[in-house]
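Engineer: My structure file target_8.cif, mmCIF, C-alpha atoms, is below:
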data_protein
loop_
_atom_site.group_PDB
_atom_site.id
_atom_site.type_symbol
_atom_site.label_atom_id
_atom_site.label_comp_id
_atom_site.auth_asym_id
_atom_site.auth_seq_id
_atom_site.Cartn_x
_atom_site.Cartn_y
_atom_site.Cartn_z
ATOM 1 C CA MET A 1 -2.747 16.835 -42.535
ATOM 2 C CA PHE A 2 -2.162 15.398 -39.085
ATOM 3 C CA GLU A 3 -0.228 12.290 -40.172
ATOM 4 C CA PHE A 4 2.909 13.462 -38.373
ATOM 5 C CA LEU A 5 1.088 12.932 -35.084
ATOM 6 C CA ASN A 6 1.246 9.174 -35.647
ATOM 7 C CA GLN A 7 5.012 9.042 -35.287
ATOM 8 C CA PRO A 8 6.089 7.408 -31.987
ATOM 9 C CA GLU A 9 8.438 10.261 -31.060
ATOM 10 C CA VAL A 10 5.704 12.886 -31.449
ATOM 11 C CA ILE A 11 3.286 10.770 -29.422
ATOM 12 C CA LYS A 12 5.876 10.429 -26.645
ATOM 13 C CA ILE A 13 6.385 14.181 -26.519
ATOM 14 C CA ILE A 14 2.628 14.840 -26.468
ATOM 15 C CA VAL A 15 2.077 12.255 -23.694
ATOM 16 C CA THR A 16 4.924 13.613 -21.595
ATOM 17 C CA LEU A 17 3.918 17.252 -21.927
ATOM 18 C CA GLY A 18 0.220 16.557 -21.410
ATOM 19 C CA SER A 19 0.656 14.419 -18.343
ATOM 20 C CA MET A 20 3.154 16.857 -16.837
ATOM 21 C CA LEU A 21 0.600 19.644 -17.416
ATOM 22 C CA LEU A 22 -2.076 17.549 -15.682
ATOM 23 C CA PHE A 23 0.334 16.749 -12.846
ATOM 24 C CA PHE A 24 1.052 20.411 -12.226
ATOM 25 C CA VAL A 25 -2.667 21.246 -12.346
ATOM 26 C CA GLY A 26 -3.133 18.734 -9.531
ATOM 27 C CA LEU A 27 -0.101 20.023 -7.616
ATOM 28 C CA PHE A 28 -1.327 23.612 -7.933
ATOM 29 C CA GLY A 29 -4.732 22.611 -6.607
ATOM 30 C CA LEU A 30 -3.140 20.693 -3.742
ATOM 31 C CA LEU A 31 -1.034 23.664 -2.712
ATOM 32 C CA THR A 32 -3.627 26.434 -3.048
ATOM 33 C CA ARG A 33 -7.048 25.006 -2.150
ATOM 34 C CA LYS A 34 -8.058 24.809 1.499
ATOM 35 C CA HIS A 35 -11.197 22.648 1.297
ATOM 36 C CA ILE A 36 -10.417 19.053 2.278
ATOM 37 C CA ILE A 37 -12.472 17.451 -0.534
ATOM 38 C CA LYS A 38 -10.745 19.688 -3.101
ATOM 39 C CA THR A 39 -7.338 18.488 -1.918
ATOM 40 C CA PHE A 40 -8.484 14.905 -2.415
ATOM 41 C CA ILE A 41 -9.653 15.785 -5.947
ATOM 42 C CA SER A 42 -6.229 17.338 -6.614
ATOM 43 C CA ILE A 43 -4.494 14.162 -5.429
ATOM 44 C CA ALA A 44 -6.713 12.127 -7.786
ATOM 45 C CA ILE A 45 -5.725 14.402 -10.697
ATOM 46 C CA MET A 46 -2.022 13.989 -9.859
ATOM 47 C CA GLU A 47 -2.432 10.212 -9.668
ATOM 48 C CA SER A 48 -4.148 9.991 -13.046
ATOM 49 C CA ALA A 49 -1.408 12.135 -14.599
ATOM 50 C CA VAL A 50 1.239 9.664 -13.406
ATOM 51 C CA PHE A 51 -0.826 6.721 -14.687
ATOM 52 C CA LEU A 52 -1.180 8.376 -18.104
ATOM 53 C CA LEU A 53 2.568 9.002 -18.265
ATOM 54 C CA PHE A 54 3.461 5.419 -17.389
ATOM 55 C CA ILE A 55 0.992 3.838 -19.819
ATOM 56 C CA GLY A 56 1.713 6.329 -22.595
ATOM 57 C CA LEU A 57 5.477 5.914 -22.470
ATOM 58 C CA THR A 58 5.491 2.099 -22.379
ATOM 59 C CA PHE A 59 2.754 1.578 -24.978
ATOM 60 C CA LYS A 60 3.879 0.816 -28.527
ATOM 61 C CA ILE A 61 1.760 1.450 -31.625
ATOM 62 C CA ASP A 62 1.409 -1.493 -34.057
ATOM 63 C CA PHE A 63 1.915 -3.985 -31.207
ATOM 64 C CA VAL A 64 -0.916 -6.337 -30.226
ATOM 65 C CA ALA A 65 -2.595 -6.994 -26.891
ATOM 66 C CA PRO A 66 -0.563 -9.239 -24.565
ATOM 67 C CA ILE A 67 -2.764 -12.336 -24.541
ATOM 68 C CA LEU A 68 -1.082 -15.743 -24.349
ATOM 69 C CA ASP A 69 -3.390 -18.165 -26.102
ATOM 70 C CA SER A 70 -3.326 -20.931 -28.687
ATOM 71 C CA THR A 71 -4.390 -18.425 -31.358
ATOM 72 C CA HIS A 72 -2.155 -15.554 -30.161
ATOM 73 C CA THR A 73 1.454 -16.680 -30.481
ATOM 74 C CA GLU A 74 3.268 -13.606 -31.867
ATOM 75 C CA VAL A 75 5.124 -12.873 -28.609
ATOM 76 C CA ALA A 76 7.659 -10.564 -30.278
ATOM 77 C CA THR A 77 5.038 -7.956 -31.251
ATOM 78 C CA MET A 78 3.124 -7.903 -27.984
ATOM 79 C CA ASN A 79 2.911 -4.924 -25.693
ATOM 80 C CA ASP A 80 4.515 -5.244 -22.284
ATOM 81 C CA PRO A 81 1.758 -6.320 -19.843
ATOM 82 C CA ILE A 82 3.577 -5.359 -16.615
ATOM 83 C CA PRO A 83 2.772 -1.591 -16.737
ATOM 84 C CA HIS A 84 -0.880 -2.389 -17.357
ATOM 85 C CA ALA A 85 -1.056 -4.733 -14.361
ATOM 86 C CA MET A 86 0.818 -2.233 -12.210
ATOM 87 C CA ILE A 87 -1.431 0.679 -13.175
ATOM 88 C CA LEU A 88 -4.605 -1.369 -12.719
ATOM 89 C CA THR A 89 -3.501 -2.219 -9.182
ATOM 90 C CA ALA A 90 -2.488 1.384 -8.545
ATOM 91 C CA ILE A 91 -5.888 2.691 -9.719
ATOM 92 C CA VAL A 92 -7.693 0.349 -7.325
ATOM 93 C CA ILE A 93 -5.406 1.260 -4.416
ATOM 94 C CA GLY A 94 -5.710 4.990 -5.138
ATOM 95 C CA MET A 95 -9.491 4.724 -5.203
ATOM 96 C CA ALA A 96 -9.450 2.875 -1.847
ATOM 97 C CA VAL A 97 -7.224 5.529 -0.265
ATOM 98 C CA LEU A 98 -9.425 8.352 -1.566
ATOM 99 C CA ALA A 99 -12.599 6.642 -0.300
ATOM 100 C CA LEU A 100 -10.969 6.210 3.109
ATOM 101 C CA GLY A 101 -9.945 9.869 3.160
ATOM 102 C CA VAL A 102 -13.431 11.057 2.234
ATOM 103 C CA SER A 103 -14.935 8.864 4.951
ATOM 104 C CA PHE A 104 -12.513 10.365 7.495
ATOM 105 C CA ALA A 105 -13.491 13.836 6.288
ATOM 106 C CA ILE A 106 -17.210 13.034 6.657
ATOM 107 C CA GLU A 107 -16.744 11.705 10.202
ATOM 108 C CA TYR A 108 -14.631 14.742 11.094
ATOM 109 C CA PHE A 109 -17.255 17.088 9.638
ATOM 110 C CA LYS A 110 -20.007 15.368 11.649
ATOM 111 C CA LEU A 111 -18.066 15.847 14.888
ATOM 112 C CA THR A 112 -16.688 19.354 14.436
ATOM 113 C CA GLY A 113 -18.330 20.954 11.384
ATOM 114 C CA LYS A 114 -14.999 21.938 9.844
ATOM 115 C CA THR A 115 -13.908 21.380 6.250
ATOM 116 C CA ASP A 116 -11.031 23.851 6.024
ATOM 117 C CA ILE A 117 -7.510 22.471 6.391
ATOM 118 C CA ASP A 118 -6.252 25.629 8.096
ATOM 119 C CA GLU A 119 -8.859 25.247 10.837
ATOM 120 C CA MET A 120 -7.784 21.694 11.645
ATOM 121 C CA ASN A 121 -5.653 22.522 14.689
ATOM 122 C CA GLU A 122 -7.203 20.119 17.184
ATOM 123 C CA MET A 123 -3.811 18.763 18.173
ATOM 124 C CA ARG A 124 -2.320 22.139 19.124
ATOM 125 C CA HIS A 125 -4.308 22.425 22.345
ATOM 126 C CA MET B 1 10.446 -23.545 7.666
ATOM 127 C CA SER B 2 10.162 -20.867 5.038
ATOM 128 C CA SER B 3 10.139 -17.112 4.752
ATOM 129 C CA ILE B 4 6.628 -17.007 3.275
ATOM 130 C CA LEU B 5 5.359 -17.983 6.750
ATOM 131 C CA PHE B 6 6.238 -14.497 8.024
ATOM 132 C CA ILE B 7 3.748 -12.962 5.605
ATOM 133 C CA ALA B 8 1.137 -15.689 5.331
ATOM 134 C CA LEU B 9 0.614 -16.357 9.038
ATOM 135 C CA PRO B 10 -0.300 -12.790 10.159
ATOM 136 C CA LEU B 11 -2.404 -12.276 7.037
ATOM 137 C CA LEU B 12 -4.270 -15.549 7.586
ATOM 138 C CA PHE B 13 -4.707 -14.758 11.259
ATOM 139 C CA GLY B 14 -5.948 -11.284 10.473
ATOM 140 C CA PHE B 15 -8.674 -12.494 8.171
ATOM 141 C CA ALA B 16 -9.584 -15.394 10.477
ATOM 142 C CA THR B 17 -10.128 -12.976 13.376
ATOM 143 C CA PRO B 18 -13.941 -12.664 12.889
ATOM 144 C CA ILE B 19 -14.224 -16.460 13.188
ATOM 145 C CA LEU B 20 -11.864 -16.611 16.187
ATOM 146 C CA SER B 21 -13.765 -13.895 18.032
ATOM 147 C CA LYS B 22 -16.866 -16.110 18.061
ATOM 148 C CA PHE B 23 -15.140 -18.546 20.443
ATOM 149 C CA GLY B 24 -14.652 -16.247 23.368
ATOM 150 C CA LYS B 25 -14.188 -12.703 24.521
ATOM 151 C CA ASN B 26 -10.485 -12.864 25.301
ATOM 152 C CA GLY B 27 -9.499 -15.378 22.642
ATOM 153 C CA VAL B 28 -8.362 -13.023 19.906
ATOM 154 C CA ALA B 29 -5.947 -10.967 21.970
ATOM 155 C CA TYR B 30 -4.244 -14.020 23.455
ATOM 156 C CA THR B 31 -4.002 -16.015 20.206
ATOM 157 C CA SER B 32 -2.681 -12.963 18.334
ATOM 158 C CA MET B 33 -0.013 -12.559 20.991
ATOM 159 C CA LEU B 34 0.875 -16.282 20.736
ATOM 160 C CA MET B 35 1.125 -16.065 16.943
ATOM 161 C CA GLN B 36 3.444 -13.069 17.165
ATOM 162 C CA LEU B 37 5.569 -14.844 19.786
ATOM 163 C CA PHE B 38 5.841 -17.827 17.417
ATOM 164 C CA LEU B 39 6.981 -15.545 14.583
ATOM 165 C CA LEU B 40 9.493 -13.896 16.895
ATOM 166 C CA SER B 41 10.951 -17.245 17.943
ATOM 167 C CA LEU B 42 11.092 -18.310 14.284
ATOM 168 C CA ALA B 43 13.021 -15.138 13.420
ATOM 169 C CA VAL B 44 15.396 -15.680 16.360
ATOM 170 C CA SER B 45 16.005 -19.276 15.299
ATOM 171 C CA LEU B 46 16.952 -18.031 11.824
ATOM 172 C CA LEU B 47 19.658 -15.784 13.299
ATOM 173 C CA MET B 48 22.251 -18.584 13.275
ATOM 174 C CA THR B 49 22.005 -19.213 9.534
ATOM 175 C CA THR B 50 24.382 -17.052 7.550
ATOM 176 C CA SER B 51 23.366 -17.683 3.953
ATOM 177 C CA SER B 52 20.571 -15.695 2.358
ATOM 178 C CA TYR B 53 17.414 -17.604 1.673
ATOM 179 C CA VAL B 54 15.487 -17.061 -1.551
ATOM 180 C CA GLU B 55 11.957 -18.325 -1.849
ATOM 181 C CA LEU B 56 10.347 -18.424 -5.282
ATOM 182 C CA ILE B 57 6.636 -18.971 -5.705
ATOM 183 C CA SER B 58 6.405 -19.898 -9.345
ATOM 184 C CA ILE B 59 3.165 -19.953 -11.320
ATOM 185 C CA VAL B 60 4.422 -20.551 -14.869
ATOM 186 C CA PRO B 61 8.272 -20.495 -15.123
ATOM 187 C CA PRO B 62 8.847 -16.840 -16.125
ATOM 188 C CA LEU B 63 6.072 -15.586 -13.861
ATOM 189 C CA GLY B 64 6.408 -15.739 -10.100
ATOM 190 C CA ILE B 65 6.915 -13.949 -6.813
ATOM 191 C CA SER B 66 10.226 -14.085 -5.004
ATOM 192 C CA PHE B 67 11.041 -13.289 -1.385
ATOM 193 C CA VAL B 68 14.607 -12.809 -0.183
ATOM 194 C CA LEU B 69 15.536 -13.360 3.455
ATOM 195 C CA ASN B 70 19.089 -12.188 4.130
ATOM 196 C CA SER B 71 20.659 -10.688 7.218
ATOM 197 C CA ALA B 72 19.450 -7.156 6.458
ATOM 198 C CA SER B 73 15.815 -8.144 5.981
ATOM 199 C CA LEU B 74 16.031 -10.537 8.946
ATOM 200 C CA PHE B 75 16.961 -7.563 11.128
ATOM 201 C CA PHE B 76 13.798 -5.728 10.116
ATOM 202 C CA VAL B 77 11.653 -8.850 10.497
ATOM 203 C CA LEU B 78 13.016 -9.257 14.030
ATOM 204 C CA LEU B 79 12.340 -5.582 14.758
ATOM 205 C CA PHE B 80 8.745 -5.685 13.501
ATOM 206 C CA THR B 81 7.848 -8.921 15.279
ATOM 207 C CA LEU B 82 9.495 -7.764 18.520
ATOM 208 C CA LEU B 83 7.653 -4.429 18.440
ATOM 209 C CA MET B 84 4.329 -6.048 17.632
ATOM 210 C CA THR B 85 4.780 -8.647 20.395
ATOM 211 C CA LEU B 86 5.585 -5.921 22.903
ATOM 212 C CA PHE B 87 2.547 -3.965 21.743
ATOM 213 C CA SER B 88 0.305 -7.019 22.172
ATOM 214 C CA LEU B 89 1.718 -7.532 25.661
ATOM 215 C CA TYR B 90 1.006 -3.882 26.492
ATOM 216 C CA TYR B 91 -2.512 -4.224 25.125
ATOM 217 C CA LEU B 92 -3.155 -7.382 27.195
ATOM 218 C CA ILE B 93 -1.994 -5.642 30.370
ATOM 219 C CA HIS B 94 -3.922 -2.420 29.783
ATOM 220 C CA ARG B 95 -7.041 -3.676 28.077
ATOM 221 C CA LYS B 96 -9.174 -3.338 31.224
ATOM 222 C CA THR B 97 -8.662 0.417 31.331
ATOM 223 C CA ASP B 98 -7.858 1.255 27.739
ATOM 224 C CA ALA B 99 -9.796 -1.321 25.699
ATOM 225 C CA TYR B 100 -11.097 -0.510 22.245
ATOM 226 C CA LYS B 101 -14.753 -1.233 21.692
ATOM 227 C CA ASP B 102 -14.421 -3.313 18.546
ATOM 228 C CA GLU B 103 -11.477 -5.634 19.094
ATOM 229 C CA THR B 104 -12.134 -7.715 15.976
ATOM 230 C CA LYS B 105 -11.494 -4.909 13.499
ATOM 231 C CA PHE B 106 -8.564 -3.725 15.584
ATOM 232 C CA PHE B 107 -6.771 -7.080 15.370
ATOM 233 C CA ILE B 108 -7.519 -7.474 11.650
ATOM 234 C CA LEU B 109 -5.803 -4.124 11.013
ATOM 235 C CA LEU B 110 -2.931 -4.839 13.391
ATOM 236 C CA ASN B 111 -2.068 -8.192 11.823
ATOM 237 C CA MET B 112 -2.451 -6.775 8.305
ATOM 238 C CA LEU B 113 0.023 -4.056 9.279
ATOM 239 C CA LEU B 114 2.475 -6.678 10.566
ATOM 240 C CA ALA B 115 2.117 -8.871 7.463
ATOM 241 C CA SER B 116 2.534 -6.015 5.006
ATOM 242 C CA ALA B 117 5.477 -4.491 6.873
ATOM 243 C CA ILE B 118 7.269 -7.846 6.809
ATOM 244 C CA GLY B 119 6.334 -8.290 3.144
ATOM 245 C CA LEU B 120 7.769 -4.858 2.403
ATOM 246 C CA VAL B 121 11.236 -5.875 3.586
ATOM 247 C CA LEU B 122 11.139 -9.440 2.244
ATOM 248 C CA SER B 123 9.866 -8.938 -1.304
ATOM 249 C CA SER B 124 12.430 -8.505 -4.039
ATOM 250 C CA ASP B 125 10.601 -6.746 -6.861
ATOM 251 C CA ILE B 126 9.405 -3.174 -6.844
ATOM 252 C CA PHE B 127 5.843 -4.022 -7.828
ATOM 253 C CA ASN B 128 5.291 -6.083 -4.676
ATOM 254 C CA ILE B 129 7.036 -3.418 -2.636
ATOM 255 C CA TYR B 130 4.504 -0.850 -3.882
ATOM 256 C CA VAL B 131 1.538 -3.122 -3.084
ATOM 257 C CA PHE B 132 2.799 -3.946 0.426
ATOM 258 C CA PHE B 133 3.613 -0.267 1.029
ATOM 259 C CA GLU B 134 0.041 0.691 0.204
ATOM 260 C CA ILE B 135 -1.477 -2.059 2.376
ATOM 261 C CA ALA B 136 0.719 -0.968 5.286
ATOM 262 C CA GLY B 137 -0.280 2.635 4.643
ATOM 263 C CA ILE B 138 -4.025 1.959 4.543
ATOM 264 C CA SER B 139 -4.039 -0.117 7.725
ATOM 265 C CA ALA B 140 -1.904 2.497 9.487
ATOM 266 C CA TYR B 141 -4.288 5.288 8.425
ATOM 267 C CA ILE B 142 -7.259 3.402 9.850
ATOM 268 C CA LEU B 143 -5.398 2.518 13.049
ATOM 269 C CA SER B 144 -4.397 6.129 13.660
ATOM 270 C CA ALA B 145 -8.001 7.311 13.302
ATOM 271 C CA TYR B 146 -9.415 4.360 15.194
ATOM 272 C CA LYS B 147 -10.824 6.134 18.255
ATOM 273 C CA LYS B 148 -13.032 8.457 16.147
ATOM 274 C CA THR B 149 -12.465 11.448 18.417
ATOM 275 C CA PRO B 150 -11.891 14.753 16.576
ATOM 276 C CA SER B 151 -8.156 14.776 17.261
ATOM 277 C CA ALA B 152 -7.759 11.136 16.141
ATOM 278 C CA LEU B 153 -9.683 11.772 12.922
ATOM 279 C CA GLU B 154 -7.658 14.894 12.269
ATOM 280 C CA ALA B 155 -4.406 13.005 12.755
ATOM 281 C CA GLY B 156 -5.669 10.286 10.406
ATOM 282 C CA LEU B 157 -6.649 12.847 7.781
ATOM 283 C CA LYS B 158 -3.272 14.573 7.877
ATOM 284 C CA TYR B 159 -1.413 11.258 7.756
ATOM 285 C CA LEU B 160 -3.568 10.122 4.846
ATOM 286 C CA LEU B 161 -2.975 13.343 2.890
ATOM 287 C CA THR B 162 0.804 13.100 3.219
ATOM 288 C CA GLY B 163 0.732 9.354 2.521
ATOM 289 C CA ALA B 164 -1.406 9.734 -0.611
ATOM 290 C CA VAL B 165 0.884 12.445 -2.030
ATOM 291 C CA ALA B 166 3.908 10.289 -1.198
ATOM 292 C CA SER B 167 2.403 7.284 -2.961
ATOM 293 C CA VAL B 168 1.796 9.395 -6.095
ATOM 294 C CA PHE B 169 5.487 10.288 -6.174
ATOM 295 C CA LEU B 170 6.377 6.647 -5.496
ATOM 296 C CA VAL B 171 4.375 5.525 -8.555
ATOM 297 C CA PHE B 172 6.115 8.244 -10.552
ATOM 298 C CA ALA B 173 9.522 6.963 -9.440
ATOM 299 C CA ILE B 174 8.585 3.361 -10.237
ATOM 300 C CA ALA B 175 7.445 4.485 -13.708
ATOM 301 C CA LEU B 176 10.761 6.258 -14.329
ATOM 302 C CA ILE B 177 12.761 3.242 -13.121
ATOM 303 C CA TYR B 178 10.720 0.856 -15.256
ATOM 304 C CA ILE B 179 10.946 2.999 -18.406
ATOM 305 C CA ASN B 180 14.703 3.428 -18.068
ATOM 306 C CA ILE B 181 15.953 0.010 -16.972
ATOM 307 C CA GLY B 182 12.903 -2.233 -17.391
#
Is it possible to express this structure as structure tokens?

Structural biologist:
Amino acid sequence: MFEFLNQPEVIKIIVTLGSMLLFFVGLFGLLTRKHIIKTFISIAIMESAVFLLFIGLTFKIDFVAPILDSTHTEVATMNDPIPHAMILTAIVIGMAVLALGVSFAIEYFKLTGKTDIDEMNEMRH
Amino acid sequence: MSSILFIALPLLFGFATPILSKFGKNGVAYTSMLMQLFLLSLAVSLLMTTSSYVELISIVPPLGISFVLNSASLFFVLLFTLLMTLFSLYYLIHRKTDAYKDETKFFILLNMLLASAIGLVLSSDIFNIYVFFEIAGISAYILSAYKKTPSALEAGLKYLLTGAVASVFLVFAIALIYINIG
């Protein structure tokens, strides 16, 4: 019944639409929520949407894992390893940035007791 | 004489700072300043050469990292090293009145910022540009919130929010470029 979902074109459309939906969920949260932790969560959602899009659009069904070995020599049917390496690095970097942001937010909350972005106007006076 | 020295020397110095700070109280600030002066003189001595200089660090022949040093990137290298040398000079003059409590961490971050900013202009593929951009961003976020006063933390938070959103869009752009032209 659902065999048509296995076609590469259909999978590309599903991946594109789904990750764009996830991206706009994150963007909506970033623009409407005022709590600082919620904005960080929204940024994480946006990041994962972009990662899903990149991996989903460069991944090919029927291709094998890109391992160069004495037993794996079919280079022509291997998936491209560069997006995987790129996204793995980007996940680690994104996690580091979010941890840094949460630690800033904790320090700021300890000093002033504020979590709302609109109340962060220390630099205006 | 090679362009990898511009990236490797500040990075090495940055991570050797905890060891260097064991030798004396003033040692780190002065040796950091000397290292940046050496990089500045190296960049000035490269001004006379006109041809672009490509350095390839090859692991297995198709895989490798390449750095390109032409006149455009040499301009930015000169700018970054000059600014960082001037900043170190300022810090040495004013450190009696304006000194940060934990100099070790401060110089690690400062030299990481210098190394990644130079790497950003020297590297020739977009993957390395993204990595150096993020390293420069993270060290700049920590440096802007370094004093831990409420206004410094607030500035760091705002800078981090805008930088994180910008890096999401940068990954998106890299994905589109890679899918279209590989």

Engineer: Per residue of chain B within 8 Å of chain A, which atom pair is closest and at what distance in Å (one decimal), using all atoms listed in the file, listed by chain and increasing number, as JSON lines?

Structural biologist:
{"residue": "B:Phe127", "atom": "CA", "partner": "A:Met86", "partner_atom": "CA", "distance": 6.9}
{"residue": "B:Val131", "atom": "CA", "partner": "A:Thr89", "partner_atom": "CA", "distance": 8.0}
{"residue": "B:Glu134", "atom": "CA", "partner": "A:Ile93", "partner_atom": "CA", "distance": 7.2}
{"residue": "B:Ile138", "atom": "CA", "partner": "A:Val97", "partner_atom": "CA", "distance": 6.8}
{"residue": "B:Ala145", "atom": "CA", "partner": "A:Phe104", "partner_atom": "CA", "distance": 8.0}
{"residue": "B:Lys148", "atom": "CA", "partner": "A:Glu107", "partner_atom": "CA", "distance": 7.7}
{"residue": "B:Thr149", "atom": "CA", "partner": "A:Leu111", "partner_atom": "CA", "distance": 7.9}
{"residue": "B:Pro150", "atom": "CA", "partner": "A:Tyr108", "partner_atom": "CA", "distance": 6.1}
{"residue": "B:Ser151", "atom": "CA", "partner": "A:Glu122", "partner_atom": "CA", "distance": 5.4}
{"residue": "B:Leu153", "atom": "CA", "partner": "A:Tyr108", "partner_atom": "CA", "distance": 6.1}
{"residue": "B:Glu154", "atom": "CA", "partner": "A:Met120", "partner_atom": "CA", "distance": 6.8}
{"residue": "B:Ala155", "atom": "CA", "partner": "A:Met123", "partner_atom": "CA", "distance": 7.9}
{"residue": "B:Gly156", "atom": "CA", "partner": "A:Phe104", "partner_atom": "CA", "distance": 7.4}
{"residue": "B:Leu157", "atom": "CA", "partner": "A:Phe104", "partner_atom": "CA", "distance": 6.4}
{"residue": "B:Leu160", "atom": "CA", "partner": "A:Gly101", "partner_atom": "CA", "distance": 6.6}
{"residue": "B:Leu161", "atom": "CA", "partner": "A:Gly101", "partner_atom": "CA", "distance": 7.8}
{"residue": "B:Ala164", "atom": "CA", "partner": "A:Val97", "partner_atom": "CA", "distance": 7.2}
{"residue": "B:Val165", "atom": "CA", "partner": "A:Ile43", "partner_atom": "CA", "distance": 6.6}
{"residue": "B:Val168", "atom": "CA", "partner": "A:Glu47", "partner_atom": "CA", "distance": 5.6}
{"residue": "B:Val171", "atom": "CA", "partner": "A:Val50", "partner_atom": "CA", "distance": 7.1}
{"residue": "B:Phe172", "atom": "CA", "partner": "A:Val50", "partner_atom": "CA", "distance": 5.8}
{"residue": "B:Ala175", "atom": "CA", "partner": "A:Phe54", "partner_atom": "CA", "distance": 5.5}
{"residue": "B:Leu176", "atom": "CA", "partner": "A:Phe54", "partner_atom": "CA", "distance": 8.0}
{"residue": "B:Ile179", "atom": "CA", "partner": "A:Thr58", "partner_atom": "CA", "distance": 6.8}

Engineer: Take CA of His94 in chain B and CA of Met33 in chain B and report the distance between them in Å, one decimal.

Structural biologist: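 Between these atoms lies a distance of 14.0 Å.
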
Engineer: Identify which of the residues A:Arg33, A:Glu74, A:Phe4, A:Leu52 lies closest to Met20 in chain A, counting only C-alpha atoms when measuring atom-to-atom distances.

Structural biologist: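 The answer is A:Leu52, which sits nearest to Met20 in chain A.
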
Engineer: What is the CA of Asp125 in chain B-CA of Gly137 in chain B distance in Å, reported with one decimal?

Structural biologist: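 Rounded to one decimal, the two atoms are 18.4 Å apart.
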
Engineer: Find the smallest box with edges along x, y and z containing every listed atom of range 29-42 of chain A, then add 4 Å on each side and report centre and edge lengths in Å to one decimal, as JSON.

Structural biologist:
{"center_x": -6.8, "center_y": 20.7, "center_z": -2.2, "size_x": 19.4, "size_y": 19.5, "size_z": 16.9}

Engineer: Smallest atom-to-atom distance to His84 in chain A: which of A:Gly29, A:Lys34, A:Met1, A:Gly56, using all atoms listed in the file?

Structural biologist: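 Closest candidate: A:Gly56.
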
Engineer: Which is closer to Leu20 in chain B than all the others in B:Ile108, B:Leu39, B:Val121, B:Leu82, using only C-alpha atoms?

Structural biologist: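 Looking at the shortest contact to Leu20 in chain B, the residue is B:Ile108.
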
Engineer: In Å, how far is it from CA of Val68 in chain B to CA of Pro81 in chain A?

Structural biologist: 24.4 Å

Engineer: Convert the output of the PyMOL selection byres ((chain B and resi 84) around 9) on the shown file into explicit residues, formatted as an NGL selection string.

Structural biologist: :B and (33 or 36 or 79-83 or 85-89 or 110-111 or 114)

Engineer: For the structure provided, state which residues fall under the PyMOL selection byres ((chain A and resi 60) around 9), and present them as a PyMOL selection string.

Structural biologist: chain A and resi 8+56-59+61-64+78-80

Engineer: Select, from A:Asn6, A:Ile45, A:Leu68, A:Ile37, the residue with the minimum atom-to-atom distance to Ser19 in chain A, counting all atoms listed in the file.

Structural biologist: A:Ile45

Engineer: Excluding range 43-57 of chain B and residues on its chain fewer than 2 positions from it, collect all residues at most 7 Å away from it, counting only C-alpha atoms, and give them as number ranges by chain.

Structural biologist: B: 3, 39-41, 59, 64-71, 78

Engineer: For the file shown, what are the residues hit by the PyMOL selection byres ((chain B and resi 102) around 12), laid out as a PyMOL selection string?

Structural biologist: chain B and resi 17-18+21+25+28-29+99-101+103-109+146-147
